[in-house]
Amino acid sequence: MSFSQLTKNELARFMPSQPCCIRSELAAFLVFNGSLEKRSGKRACLSVLTEMPDTARKIVTLARKGLGAETEVSVRRKERLQKNLTYLIRIIPYQSAVEVLADLALIEGESFRPFWGIPWRLLATDCCRWSFLRGAFLARGSLTDPEKSYHWEINIDDHYLGQDLLKLVELQKVKAGLVERRPGFIVYAKSADDIATLLAGMSAYSAVLALENIRVVKDVRNTVNRQVNCETANLDKTVAAALTQTMAIERLESSGKLRTLPAKLRNLAELRLEHPSASLRELGLLLDPPAGKSTVAHRMRRLVKIAEELDSS
């Protein structure tokens, strides 16, 4: 099961305790996946579609607790993907469906428009705003496995609703963006900190812990990789420099020029030939008397320069 599915299952099991939060989360399902269904000879009802059985059960519970409504659940199999099932939840309130939509601030005139906008009147408190986001994520959201990358999104069909949702996410102190992704739009967050804030606000606490554990492992891995790369690069430089120095000293020795050099340069040259892989610091400790790294580097540059002058003469 994917990280996104595990997170959704956790959110589907979480039930808000306050009536206002119950109504806010139910409103989100209606906004993003709902419709007003008029049935011949029967009362009009509100319908919500979902592909997750845990989410279907939650919608039923929200409808009963938030509206005191009856529900009917039917299961359908997708035509193209025979393995996938969809759950249609019909919410049949005791009052008229239009009155329910008006109470939830989801109606304009006499028709229900699923992508009309966010019902701000319901979202006066922080807990209700998080409840609405939880319902929106369950209805249309997805989350990339943080082992691969950090990406949280909710897809929307309507640009106006996308702007409203972006405003709501940013109101919760989360940096988000809105971008077109045909045939619709997505509101997204890409920072690990912002995604952790979203998950915690929606009450996906197990997902937050899993995310933080992965972040720690990735940070340690990246730190180790940087150190290894740095040490490898330094080692490559040391080996390349030692090879250049050794070749220069060998040219000086074969030409007889090495015997004419000052004792300090000769001693260093002999040590380099005896210890071709030693660092400058290590060569300095082998000298008598010992010398620092900068002194050894200076003498080695002189040796290389003398060899280059010998080659050009």
# chains A, B, ... in the order shown; residues from 1 in each chain; ligands from 1

call {"tool": "select_by_dssp", "arguments": {"residues": "range 66-205 of chain A", "states": "helix (DSSP H, G or I)", "output": "NGL selection string"}}
result
:A and (66-67 or 97-103 or 120-122 or 126-140 or 159-171 or 192-201 or 205)

call {"tool": "select_by_dssp", "arguments": {"residues": "range 181-249 of chain A", "states": "strand (DSSP E)", "output": "MDAnalysis selection string"}}
result
chainID A and resid 181 184:189

call {"tool": "atom_distance", "arguments": {"atom1": "CA of Lys58 in chain A", "atom2": "CA of Ser35 in chain A"}}
result
17.6 Å

call {"tool": "closest_residue", "arguments": {"among": "A:Ile107, A:Thr246, A:Leu123, A:Asp288", "to": "His275 in chain A", "atoms": "only C-alpha atoms"}}
result
A:Thr246

call {"tool": "residues_around", "arguments": {"residues": "range 133-136 of chain A", "least_positions_apart": "5", "cutoff": "7 Å", "atoms": "only C-alpha atoms", "output": "ChimeraX atom specification"}}
result
/A:25-26,28-29,32,141,202

call {"tool": "residues_around", "arguments": {"residues": "Ser206 in chain A", "least_positions_apart": "3", "cutoff": "12 Å", "atoms": "only C-alpha atoms", "output": "ChimeraX atom specification"}}
result
/A:3,6-11,13-14,196,199-200,202-203,209-213

call {"tool": "write_last_selection", "arguments": {"atoms": "all heavy atoms", "output": "compact mmCIF listing (two decimals), in the first residue's frame"}}
result
# COMPACT_ATOMS: atom_id res chain seq x y z
N PHE A 3 2.22 5.22 0.41
CA PHE A 3 2.24 6.17 1.53
C PHE A 3 0.97 7.03 1.50
O PHE A 3 0.39 7.34 2.55
CB PHE A 3 3.48 7.05 1.43
CG PHE A 3 3.70 7.92 2.64
CD1 PHE A 3 4.33 7.41 3.77
CD2 PHE A 3 3.29 9.24 2.65
CE1 PHE A 3 4.53 8.21 4.89
CE2 PHE A 3 3.50 10.05 3.76
CZ PHE A 3 4.12 9.53 4.88
N LEU A 6 -1.96 4.91 2.82
CA LEU A 6 -1.85 4.74 4.27
C LEU A 6 -2.28 6.00 5.00
O LEU A 6 -2.98 5.95 6.03
CB LEU A 6 -0.41 4.37 4.66
CG LEU A 6 0.08 2.98 4.27
CD1 LEU A 6 1.57 2.85 4.52
CD2 LEU A 6 -0.68 1.91 5.05
N THR A 7 -1.88 7.15 4.47
CA THR A 7 -2.26 8.42 5.08
C THR A 7 -3.76 8.63 5.00
O THR A 7 -4.41 9.05 5.97
CB THR A 7 -1.54 9.59 4.38
OG1 THR A 7 -0.13 9.38 4.47
CG2 THR A 7 -1.89 10.92 5.02
N LYS A 8 -4.35 8.32 3.85
CA LYS A 8 -5.79 8.48 3.69
C LYS A 8 -6.56 7.53 4.61
O LYS A 8 -7.60 7.90 5.17
CB LYS A 8 -6.19 8.24 2.23
CG LYS A 8 -5.87 9.41 1.32
CD LYS A 8 -6.51 9.23 -0.04
CE LYS A 8 -6.42 10.49 -0.87
NZ LYS A 8 -7.16 10.38 -2.14
N ASN A 9 -6.06 6.31 4.76
CA ASN A 9 -6.72 5.37 5.68
C ASN A 9 -6.71 5.90 7.11
O ASN A 9 -7.69 5.76 7.85
CB ASN A 9 -6.04 4.01 5.62
CG ASN A 9 -6.36 3.25 4.34
OD1 ASN A 9 -7.32 3.59 3.64
ND2 ASN A 9 -5.58 2.24 4.03
N GLU A 10 -5.57 6.51 7.50
CA GLU A 10 -5.50 7.09 8.84
C GLU A 10 -6.49 8.24 8.99
O GLU A 10 -7.19 8.33 10.01
CB GLU A 10 -4.07 7.57 9.11
CG GLU A 10 -3.91 8.17 10.51
CD GLU A 10 -2.52 8.71 10.77
OE1 GLU A 10 -1.68 8.70 9.84
OE2 GLU A 10 -2.26 9.16 11.91
N LEU A 11 -6.56 9.10 8.00
CA LEU A 11 -7.48 10.24 8.06
C LEU A 11 -8.93 9.76 8.04
O LEU A 11 -9.81 10.37 8.67
CB LEU A 11 -7.23 11.18 6.89
CG LEU A 11 -5.90 11.94 6.91
CD1 LEU A 11 -5.72 12.74 5.63
CD2 LEU A 11 -5.83 12.85 8.13
N ARG A 13 -10.07 7.13 9.35
CA ARG A 13 -10.43 6.58 10.68
C ARG A 13 -10.59 7.66 11.73
O ARG A 13 -11.16 7.41 12.80
CB ARG A 13 -9.37 5.58 11.13
CG ARG A 13 -9.33 4.30 10.30
CD ARG A 13 -8.46 3.25 10.96
NE ARG A 13 -7.07 3.67 11.04
CZ ARG A 13 -6.14 3.44 10.12
NH1 ARG A 13 -6.48 2.80 9.01
NH2 ARG A 13 -4.91 3.86 10.27
N PHE A 14 -10.09 8.86 11.45
CA PHE A 14 -10.19 9.94 12.43
C PHE A 14 -11.57 10.60 12.33
O PHE A 14 -11.99 11.02 11.25
CB PHE A 14 -9.11 10.99 12.19
CG PHE A 14 -9.18 12.16 13.13
CD1 PHE A 14 -8.58 12.09 14.38
CD2 PHE A 14 -9.87 13.31 12.78
CE1 PHE A 14 -8.65 13.17 15.25
CE2 PHE A 14 -9.94 14.39 13.65
CZ PHE A 14 -9.33 14.31 14.89
N ALA A 196 4.54 18.40 6.56
CA ALA A 196 4.39 17.95 7.95
C ALA A 196 3.32 18.78 8.66
O ALA A 196 2.51 18.24 9.45
CB ALA A 196 5.72 18.06 8.68
N LEU A 199 -0.11 17.56 7.36
CA LEU A 199 -0.48 16.25 7.91
C LEU A 199 -0.87 16.35 9.37
O LEU A 199 -1.86 15.74 9.81
CB LEU A 199 0.68 15.27 7.73
CG LEU A 199 1.03 14.89 6.29
CD1 LEU A 199 2.25 13.98 6.26
CD2 LEU A 199 -0.15 14.21 5.60
N ALA A 200 -0.11 17.12 10.14
CA ALA A 200 -0.44 17.28 11.56
C ALA A 200 -1.76 18.01 11.73
O ALA A 200 -2.60 17.64 12.58
CB ALA A 200 0.68 18.04 12.27
N MET A 202 -4.27 18.04 9.71
CA MET A 202 -5.37 17.16 9.32
C MET A 202 -5.51 15.96 10.25
O MET A 202 -6.39 15.13 10.07
CB MET A 202 -5.16 16.68 7.89
CG MET A 202 -5.25 17.77 6.83
SD MET A 202 -5.21 17.15 5.12
CE MET A 202 -3.61 16.34 5.06
N SER A 203 -4.60 15.86 11.24
CA SER A 203 -4.62 14.78 12.26
C SER A 203 -4.10 13.45 11.73
O SER A 203 -4.49 12.39 12.23
CB SER A 203 -6.04 14.60 12.83
OG SER A 203 -6.51 15.81 13.40
N LEU A 209 4.90 11.14 11.79
CA LEU A 209 6.04 10.42 12.36
C LEU A 209 6.83 9.68 11.28
O LEU A 209 8.07 9.70 11.28
CB LEU A 209 5.55 9.43 13.42
CG LEU A 209 5.01 10.04 14.72
CD1 LEU A 209 4.45 8.95 15.63
CD2 LEU A 209 6.11 10.82 15.45
N ALA A 210 6.11 9.04 10.36
CA ALA A 210 6.79 8.33 9.27
C ALA A 210 7.58 9.31 8.40
O ALA A 210 8.71 9.03 8.01
CB ALA A 210 5.76 7.58 8.42
N LEU A 211 6.98 10.46 8.12
CA LEU A 211 7.66 11.48 7.32
C LEU A 211 8.92 11.96 8.01
O LEU A 211 9.98 12.09 7.38
CB LEU A 211 6.71 12.64 7.07
CG LEU A 211 7.31 13.90 6.42
CD1 LEU A 211 7.79 13.58 5.00
CD2 LEU A 211 6.31 15.04 6.40
N GLU A 212 8.82 12.24 9.32
CA GLU A 212 9.98 12.75 10.06
C GLU A 212 11.09 11.71 10.13
O GLU A 212 12.27 12.04 10.04
CB GLU A 212 9.57 13.19 11.46
CG GLU A 212 8.63 14.39 11.50
CD GLU A 212 9.25 15.63 10.89
OE1 GLU A 212 10.49 15.71 10.76
OE2 GLU A 212 8.49 16.53 10.50
N ASN A 213 10.72 10.44 10.29
CA ASN A 213 11.73 9.37 10.31
C ASN A 213 12.47 9.30 8.98
O ASN A 213 13.70 9.16 8.94
CB ASN A 213 11.08 8.03 10.61
CG ASN A 213 10.67 7.90 12.07
OD1 ASN A 213 11.21 8.57 12.94
ND2 ASN A 213 9.71 7.02 12.34

call {"tool": "closest_residue", "arguments": {"among": "A:Cys128, A:Leu168, A:Val73, A:Ile249", "to": "Glu308 in chain A", "atoms": "only C-alpha atoms"}}
result
A:Ile249
